[in-house]
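Chemist: Got a structure for you, entry32.pdb, holding PDB, C-alpha atoms.
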ATOM      1  CA  GLU C   1       8.523 -13.633  -7.084  1.00  0.00           C
ATOM      2  CA  MET C   2      10.433 -10.650  -8.415  1.00  0.00           C
ATOM      3  CA  ALA C   3      12.886 -12.853 -10.328  1.00  0.00           C
ATOM      4  CA  ALA C   4       9.980 -14.672 -11.931  1.00  0.00           C
ATOM      5  CA  ALA C   5       8.295 -11.371 -12.745  1.00  0.00           C
ATOM      6  CA  SER C   6      11.357 -10.101 -14.595  1.00  0.00           C
ATOM      7  CA  GLN C   7      10.959 -12.951 -17.066  1.00  0.00           C
ATOM      8  CA  LEU C   8       7.369 -12.014 -17.958  1.00  0.00           C
ATOM      9  CA  PRO C   9       6.302  -9.676 -20.764  1.00  0.00           C
ATOM     10  CA  PRO C  10       5.560  -6.104 -19.540  1.00  0.00           C
ATOM     11  CA  GLY C  11       1.761  -6.517 -19.541  1.00  0.00           C
ATOM     12  CA  GLN C  12       2.003  -9.645 -17.447  1.00  0.00           C
ATOM     13  CA  GLN C  13       4.510  -7.971 -15.119  1.00  0.00           C
ATOM     14  CA  GLU C  14       2.047  -5.168 -14.480  1.00  0.00           C
ATOM     15  CA  ALA C  15      -0.762  -7.639 -13.834  1.00  0.00           C
ATOM     16  CA  MET C  16       1.433  -9.519 -11.370  1.00  0.00           C
ATOM     17  CA  VAL C  17       2.357  -6.326  -9.520  1.00  0.00           C
ATOM     18  CA  LEU C  18      -1.276  -5.222  -9.352  1.00  0.00           C
ATOM     19  CA  GLY C  19      -2.219  -8.651  -8.023  1.00  0.00           C
ATOM     20  CA  MET C  20       0.421  -8.408  -5.305  1.00  0.00           C
ATOM     21  CA  VAL C  21      -0.714  -4.921  -4.272  1.00  0.00           C
ATOM     22  CA  ASP C  22      -4.364  -5.953  -4.247  1.00  0.00           C
ATOM     23  CA  GLY C  23      -3.405  -9.026  -2.205  1.00  0.00           C
ATOM     24  CA  LEU C  24      -1.681  -6.831   0.376  1.00  0.00           C
ATOM     25  CA  ALA C  25      -4.773  -4.620   0.546  1.00  0.00           C
ATOM     26  CA  ALA C  26      -6.972  -7.672   1.142  1.00  0.00           C
ATOM     27  CA  LYS C  27      -4.691  -8.928   3.923  1.00  0.00           C
ATOM     28  CA  LEU C  28      -4.830  -5.534   5.599  1.00  0.00           C
ATOM     29  CA  GLU C  29      -8.625  -5.497   5.412  1.00  0.00           C
ATOM     30  CA  ALA C  30      -8.594  -8.776   7.348  1.00  0.00           C
ATOM     31  CA  ASP C  31      -5.877  -7.689   9.823  1.00  0.00           C
ATOM     32  CA  PRO C  32      -5.576  -3.886   9.844  1.00  0.00           C
ATOM     33  CA  LYS C  33      -3.363  -3.487  12.930  1.00  0.00           C
ATOM     34  CA  GLN C  34      -0.143  -3.319  10.888  1.00  0.00           C
ATOM     35  CA  PRO C  35       0.991   0.290  10.324  1.00  0.00           C
ATOM     36  CA  ASP C  36       4.199  -0.709   8.517  1.00  0.00           C
ATOM     37  CA  ARG C  37       2.302  -2.800   6.000  1.00  0.00           C
ATOM     38  CA  TRP C  38      -0.174   0.057   5.451  1.00  0.00           C
ATOM     39  CA  ILE C  39       2.790   2.279   4.620  1.00  0.00           C
ATOM     40  CA  MET C  40       3.953  -0.364   2.141  1.00  0.00           C
ATOM     41  CA  LEU C  41       0.502  -0.334   0.551  1.00  0.00           C
ATOM     42  CA  ILE C  42       0.396   3.459   0.382  1.00  0.00           C
ATOM     43  CA  ARG C  43       3.869   3.500  -1.205  1.00  0.00           C
ATOM     44  CA  SER C  44       2.823   0.886  -3.749  1.00  0.00           C
ATOM     45  CA  ARG C  45      -0.363   2.735  -4.668  1.00  0.00           C
ATOM     46  CA  MET C  46       1.574   5.982  -5.127  1.00  0.00           C
ATOM     47  CA  GLN C  47       4.187   4.270  -7.322  1.00  0.00           C
ATOM     48  CA  LEU C  48       1.359   2.903  -9.452  1.00  0.00           C
ATOM     49  CA  GLY C  49      -0.152   6.375  -9.775  1.00  0.00           C
ATOM     50  CA  GLN C  50      -3.197   5.324  -7.733  1.00  0.00           C
ATOM     51  CA  THR C  51      -3.418   8.432  -5.560  1.00  0.00           C
ATOM     52  CA  ALA C  52      -7.088   7.997  -4.652  1.00  0.00           C
ATOM     53  CA  GLN C  53      -6.481   4.413  -3.528  1.00  0.00           C
ATOM     54  CA  ALA C  54      -3.425   5.556  -1.552  1.00  0.00           C
ATOM     55  CA  ARG C  55      -5.580   8.154   0.210  1.00  0.00           C
ATOM     56  CA  GLN C  56      -8.186   5.472   1.018  1.00  0.00           C
ATOM     57  CA  ALA C  57      -5.449   3.222   2.397  1.00  0.00           C
ATOM     58  CA  LEU C  58      -4.169   6.053   4.596  1.00  0.00           C
ATOM     59  CA  ASP C  59      -7.667   6.745   5.902  1.00  0.00           C
ATOM     60  CA  LYS C  60      -8.191   3.060   6.737  1.00  0.00           C
ATOM     61  CA  ALA C  61      -4.750   2.820   8.317  1.00  0.00           C
ATOM     62  CA  LEU C  62      -5.431   5.833  10.531  1.00  0.00           C
ATOM     63  CA  ALA C  63      -8.819   4.478  11.585  1.00  0.00           C
ATOM     64  CA  ALA C  64      -7.354   1.095  12.519  1.00  0.00           C
ATOM     65  CA  ASN C  65      -4.130   2.402  14.070  1.00  0.00           C
ATOM     66  CA  PRO C  66      -4.755   5.707  15.860  1.00  0.00           C
ATOM     67  CA  GLN C  67      -1.649   5.164  17.988  1.00  0.00           C
ATOM     68  CA  ALA C  68       0.473   5.279  14.807  1.00  0.00           C
ATOM     69  CA  ARG C  69      -1.014   8.529  13.450  1.00  0.00           C
ATOM     70  CA  ASP C  70       2.315  10.399  13.446  1.00  0.00           C
ATOM     71  CA  GLN C  71       4.151   7.531  11.733  1.00  0.00           C
ATOM     72  CA  LEU C  72       1.448   7.075   9.107  1.00  0.00           C
ATOM     73  CA  THR C  73       0.990  10.748   8.293  1.00  0.00           C
ATOM     74  CA  ALA C  74       4.745  11.360   8.106  1.00  0.00           C
ATOM     75  CA  ALA C  75       5.183   8.427   5.732  1.00  0.00           C
ATOM     76  CA  ALA C  76       2.280   9.555   3.579  1.00  0.00           C
ATOM     77  CA  LYS C  77       3.679  13.070   3.367  1.00  0.00           C
ATOM     78  CA  ALA C  78       7.139  11.733   2.448  1.00  0.00           C
ATOM     79  CA  LEU C  79       5.512   9.713  -0.322  1.00  0.00           C
ATOM     80  CA  GLY C  80       3.811  12.814  -1.710  1.00  0.00           C
ATOM     81  CA  LEU C  81       0.345  12.160  -0.310  1.00  0.00           C
ATOM     82  CA  ASN C  82      -0.853  15.306   1.423  1.00  0.00           C
TER
END
Using structure tokens, write down the structure that the file contains.

Modeler:
Amino acid sequence: EMAAASQLPPGQQEAMVLGMVDGLAAKLEADPKQPDRWIMLIRSRMQLGQTAQARQALDKALAANPQARDQLTAAAKALGLN
């Protein structure tokens, strides 16, 4: 997908990336017991400048994965989400 994306004009690249991130969020809503994928979503939201959405993702991840609290909070902090 990334090779195909590099061939698209910038506006279409951004739309494709947003679609991929939103798709990951939807998958996690359906199956939230995946701390590593939540971290991927938080990282993606932060890279896109979507801090509020990253915070929401962290909150949902913590609610669904209390056993991974330390992992999730450490990752969020490393990504600049405090």

Chemist: Running the PyMOL selection byres ((chain C and resi 39) around 8) on this model by hand, what would come out? Give it as a PyMOL selection string.

Modeler: chain C and resi 35-38+40-43+58+72+75-76

Chemist: Since we have the selection now, will you write its residues out, keeping C-alpha atoms, as a PDB file, keeping the file's coordinate frame?

Modeler:
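Output file out07.pdb follows:
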ATOM      1  CA  PRO C  35       0.991   0.290  10.324  1.00  0.00           C
ATOM      2  CA  ASP C  36       4.199  -0.709   8.517  1.00  0.00           C
ATOM      3  CA  ARG C  37       2.302  -2.800   6.000  1.00  0.00           C
ATOM      4  CA  TRP C  38      -0.174   0.057   5.451  1.00  0.00           C
ATOM      5  CA  MET C  40       3.953  -0.364   2.141  1.00  0.00           C
ATOM      6  CA  LEU C  41       0.502  -0.334   0.551  1.00  0.00           C
ATOM      7  CA  ILE C  42       0.396   3.459   0.382  1.00  0.00           C
ATOM      8  CA  ARG C  43       3.869   3.500  -1.205  1.00  0.00           C
ATOM      9  CA  LEU C  58      -4.169   6.053   4.596  1.00  0.00           C
ATOM     10  CA  LEU C  72       1.448   7.075   9.107  1.00  0.00           C
ATOM     11  CA  ALA C  75       5.183   8.427   5.732  1.00  0.00           C
ATOM     12  CA  ALA C  76       2.280   9.555   3.579  1.00  0.00           C
TER      13      ALA C  76
END

Chemist: Using all atoms listed in the file, pick whichever of C:Asn82, C:Gln13, C:Gln47, C:Gln34 has the shortest atom-to-atom distance to C:Ala68.

Modeler: C:Gln34

Chemist: I would like the residues chosen by the PyMOL selection byres ((chain C and resi 18) around 12) on the shown file; could you give them as a count of residues only?

Modeler: 22

Chemist: Can you work out which one of C:Pro32, C:Ala3, C:Gly80, C:Leu8 has the shortest atom-to-atom distance to C:Asp59, counting only C-alpha atoms?

Modeler: C:Pro32

Chemist: To one decimal place, how far is atom CA of C:Ala26 from atom CA of C:Leu79 in Å?

Modeler: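 Separating atom CA of C:Ala26 from atom CA of C:Leu79 is a distance of 21.5 Å.
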
Chemist: Where's the centre, and what are the edge lengths in Å to one decimal, of a box along x, y and z enclosing all listed atoms of stretch 15-25 of chain C padded 5 Å per side, as AutoDock Vina command-line options?

Modeler:
--center_x -1.2 --center_y -7.1 --center_z -6.6 --size_x 17.1 --size_y 14.9 --size_z 24.4

Chemist: So the first atom is atom CA of C:Leu81 and the second is atom CA of C:Pro10; what is the distance between them in Å, to one decimal place?

Modeler: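 Rounded to one decimal, the two atoms are 27.0 Å apart.
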
Chemist: Quick check, in Å to one decimal: how far apart do atom CA of C:Arg69 and atom CA of C:Ala30 lie?

Modeler: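 Atom CA of C:Ala30 lies 19.9 Å from atom CA of C:Arg69.
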
Chemist: Quick one: of C:Thr73, C:Lys60, C:Pro9, C:Ala78, who's nearest to C:Asp31, counting all atoms listed in the file?

Modeler: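 Of C:Thr73, C:Lys60, C:Pro9, C:Ala78, the one nearest C:Asp31, counting all atoms listed in the file, is C:Lys60.
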
Chemist: May I ask you to restore N, CA, C and O atoms in stretch 27-53 of chain C and write the result as a PDB file, in the frame of the given file?

Modeler:
ATOM      1  N   LYS C  27      -5.214  -8.452   2.642  1.00  0.00           N
ATOM      2  CA  LYS C  27      -4.691  -8.928   3.923  1.00  0.00           C
ATOM      3  C   LYS C  27      -4.866  -7.867   5.001  1.00  0.00           C
ATOM      4  O   LYS C  27      -5.178  -8.189   6.158  1.00  0.00           O
ATOM      5  N   LEU C  28      -4.676  -6.608   4.624  1.00  0.00           N
ATOM      6  CA  LEU C  28      -4.830  -5.534   5.599  1.00  0.00           C
ATOM      7  C   LEU C  28      -6.290  -5.311   5.977  1.00  0.00           C
ATOM      8  O   LEU C  28      -6.580  -4.910   7.106  1.00  0.00           O
ATOM      9  N   GLU C  29      -7.195  -5.574   5.074  1.00  0.00           N
ATOM     10  CA  GLU C  29      -8.625  -5.497   5.412  1.00  0.00           C
ATOM     11  C   GLU C  29      -8.947  -6.528   6.489  1.00  0.00           C
ATOM     12  O   GLU C  29      -9.736  -6.257   7.396  1.00  0.00           O
ATOM     13  N   ALA C  30      -8.335  -7.703   6.392  1.00  0.00           N
ATOM     14  CA  ALA C  30      -8.594  -8.776   7.348  1.00  0.00           C
ATOM     15  C   ALA C  30      -7.866  -8.553   8.674  1.00  0.00           C
ATOM     16  O   ALA C  30      -8.357  -8.966   9.724  1.00  0.00           O
ATOM     17  N   ASP C  31      -6.692  -7.902   8.628  1.00  0.00           N
ATOM     18  CA  ASP C  31      -5.877  -7.689   9.823  1.00  0.00           C
ATOM     19  C   ASP C  31      -5.247  -6.301   9.733  1.00  0.00           C
ATOM     20  O   ASP C  31      -4.091  -6.161   9.354  1.00  0.00           O
ATOM     21  N   PRO C  32      -6.017  -5.260  10.090  1.00  0.00           N
ATOM     22  CA  PRO C  32      -5.576  -3.886   9.844  1.00  0.00           C
ATOM     23  C   PRO C  32      -4.585  -3.302  10.855  1.00  0.00           C
ATOM     24  O   PRO C  32      -4.119  -2.191  10.674  1.00  0.00           O
ATOM     25  N   LYS C  33      -4.237  -4.029  11.881  1.00  0.00           N
ATOM     26  CA  LYS C  33      -3.363  -3.487  12.930  1.00  0.00           C
ATOM     27  C   LYS C  33      -1.884  -3.641  12.571  1.00  0.00           C
ATOM     28  O   LYS C  33      -1.081  -4.151  13.347  1.00  0.00           O
ATOM     29  N   GLN C  34      -1.510  -3.178  11.373  1.00  0.00           N
ATOM     30  CA  GLN C  34      -0.143  -3.319  10.888  1.00  0.00           C
ATOM     31  C   GLN C  34       0.303  -2.026  10.184  1.00  0.00           C
ATOM     32  O   GLN C  34       0.343  -1.974   8.956  1.00  0.00           O
ATOM     33  N   PRO C  35       0.649  -0.992  10.935  1.00  0.00           N
ATOM     34  CA  PRO C  35       0.991   0.290  10.324  1.00  0.00           C
ATOM     35  C   PRO C  35       2.087   0.199   9.258  1.00  0.00           C
ATOM     36  O   PRO C  35       1.988   0.851   8.212  1.00  0.00           O
ATOM     37  N   ASP C  36       3.116  -0.606   9.493  1.00  0.00           N
ATOM     38  CA  ASP C  36       4.199  -0.709   8.517  1.00  0.00           C
ATOM     39  C   ASP C  36       3.720  -1.280   7.182  1.00  0.00           C
ATOM     40  O   ASP C  36       4.172  -0.844   6.118  1.00  0.00           O
ATOM     41  N   ARG C  37       2.826  -2.226   7.240  1.00  0.00           N
ATOM     42  CA  ARG C  37       2.302  -2.800   6.000  1.00  0.00           C
ATOM     43  C   ARG C  37       1.365  -1.815   5.294  1.00  0.00           C
ATOM     44  O   ARG C  37       1.288  -1.797   4.072  1.00  0.00           O
ATOM     45  N   TRP C  38       0.647  -0.989   6.067  1.00  0.00           N
ATOM     46  CA  TRP C  38      -0.174   0.057   5.451  1.00  0.00           C
ATOM     47  C   TRP C  38       0.724   1.034   4.698  1.00  0.00           C
ATOM     48  O   TRP C  38       0.389   1.467   3.594  1.00  0.00           O
ATOM     49  N   ILE C  39       1.854   1.376   5.292  1.00  0.00           N
ATOM     50  CA  ILE C  39       2.790   2.279   4.620  1.00  0.00           C
ATOM     51  C   ILE C  39       3.283   1.645   3.320  1.00  0.00           C
ATOM     52  O   ILE C  39       3.400   2.314   2.290  1.00  0.00           O
ATOM     53  N   MET C  40       3.552   0.352   3.346  1.00  0.00           N
ATOM     54  CA  MET C  40       3.953  -0.364   2.141  1.00  0.00           C
ATOM     55  C   MET C  40       2.866  -0.270   1.069  1.00  0.00           C
ATOM     56  O   MET C  40       3.151  -0.043  -0.112  1.00  0.00           O
ATOM     57  N   LEU C  41       1.619  -0.422   1.495  1.00  0.00           N
ATOM     58  CA  LEU C  41       0.502  -0.334   0.551  1.00  0.00           C
ATOM     59  C   LEU C  41       0.374   1.079  -0.015  1.00  0.00           C
ATOM     60  O   LEU C  41       0.195   1.260  -1.219  1.00  0.00           O
ATOM     61  N   ILE C  42       0.487   2.067   0.841  1.00  0.00           N
ATOM     62  CA  ILE C  42       0.396   3.459   0.382  1.00  0.00           C
ATOM     63  C   ILE C  42       1.516   3.745  -0.621  1.00  0.00           C
ATOM     64  O   ILE C  42       1.286   4.343  -1.676  1.00  0.00           O
ATOM     65  N   ARG C  43       2.735   3.312  -0.299  1.00  0.00           N
ATOM     66  CA  ARG C  43       3.869   3.500  -1.205  1.00  0.00           C
ATOM     67  C   ARG C  43       3.603   2.825  -2.552  1.00  0.00           C
ATOM     68  O   ARG C  43       3.826   3.421  -3.619  1.00  0.00           O
ATOM     69  N   SER C  44       3.104   1.619  -2.517  1.00  0.00           N
ATOM     70  CA  SER C  44       2.823   0.886  -3.749  1.00  0.00           C
ATOM     71  C   SER C  44       1.764   1.589  -4.583  1.00  0.00           C
ATOM     72  O   SER C  44       1.916   1.730  -5.806  1.00  0.00           O
ATOM     73  N   ARG C  45       0.702   2.028  -3.940  1.00  0.00           N
ATOM     74  CA  ARG C  45      -0.363   2.735  -4.668  1.00  0.00           C
ATOM     75  C   ARG C  45       0.170   4.022  -5.300  1.00  0.00           C
ATOM     76  O   ARG C  45      -0.175   4.347  -6.438  1.00  0.00           O
ATOM     77  N   MET C  46       1.012   4.747  -4.583  1.00  0.00           N
ATOM     78  CA  MET C  46       1.574   5.982  -5.127  1.00  0.00           C
ATOM     79  C   MET C  46       2.490   5.681  -6.319  1.00  0.00           C
ATOM     80  O   MET C  46       2.451   6.382  -7.324  1.00  0.00           O
ATOM     81  N   GLN C  47       3.295   4.637  -6.218  1.00  0.00           N
ATOM     82  CA  GLN C  47       4.187   4.270  -7.322  1.00  0.00           C
ATOM     83  C   GLN C  47       3.402   3.852  -8.557  1.00  0.00           C
ATOM     84  O   GLN C  47       3.866   4.044  -9.678  1.00  0.00           O
ATOM     85  N   LEU C  48       2.215   3.311  -8.341  1.00  0.00           N
ATOM     86  CA  LEU C  48       1.359   2.903  -9.452  1.00  0.00           C
ATOM     87  C   LEU C  48       0.509   4.058  -9.977  1.00  0.00           C
ATOM     88  O   LEU C  48      -0.255   3.885 -10.920  1.00  0.00           O
ATOM     89  N   GLY C  49       0.642   5.228  -9.357  1.00  0.00           N
ATOM     90  CA  GLY C  49      -0.152   6.375  -9.775  1.00  0.00           C
ATOM     91  C   GLY C  49      -1.595   6.319  -9.291  1.00  0.00           C
ATOM     92  O   GLY C  49      -2.462   6.995  -9.829  1.00  0.00           O
ATOM     93  N   GLN C  50      -1.851   5.519  -8.273  1.00  0.00           N
ATOM     94  CA  GLN C  50      -3.197   5.324  -7.733  1.00  0.00           C
ATOM     95  C   GLN C  50      -3.378   6.180  -6.478  1.00  0.00           C
ATOM     96  O   GLN C  50      -3.544   5.683  -5.371  1.00  0.00           O
ATOM     97  N   THR C  51      -3.372   7.502  -6.685  1.00  0.00           N
ATOM     98  CA  THR C  51      -3.418   8.432  -5.560  1.00  0.00           C
ATOM     99  C   THR C  51      -4.696   8.286  -4.737  1.00  0.00           C
ATOM    100  O   THR C  51      -4.648   8.317  -3.501  1.00  0.00           O
ATOM    101  N   ALA C  52      -5.827   8.135  -5.389  1.00  0.00           N
ATOM    102  CA  ALA C  52      -7.088   7.997  -4.652  1.00  0.00           C
ATOM    103  C   ALA C  52      -7.075   6.744  -3.777  1.00  0.00           C
ATOM    104  O   ALA C  52      -7.505   6.781  -2.616  1.00  0.00           O
ATOM    105  N   GLN C  53      -6.560   5.645  -4.316  1.00  0.00           N
ATOM    106  CA  GLN C  53      -6.481   4.413  -3.528  1.00  0.00           C
ATOM    107  C   GLN C  53      -5.473   4.548  -2.392  1.00  0.00           C
ATOM    108  O   GLN C  53      -5.665   3.985  -1.318  1.00  0.00           O
TER     109      GLN C  53
END
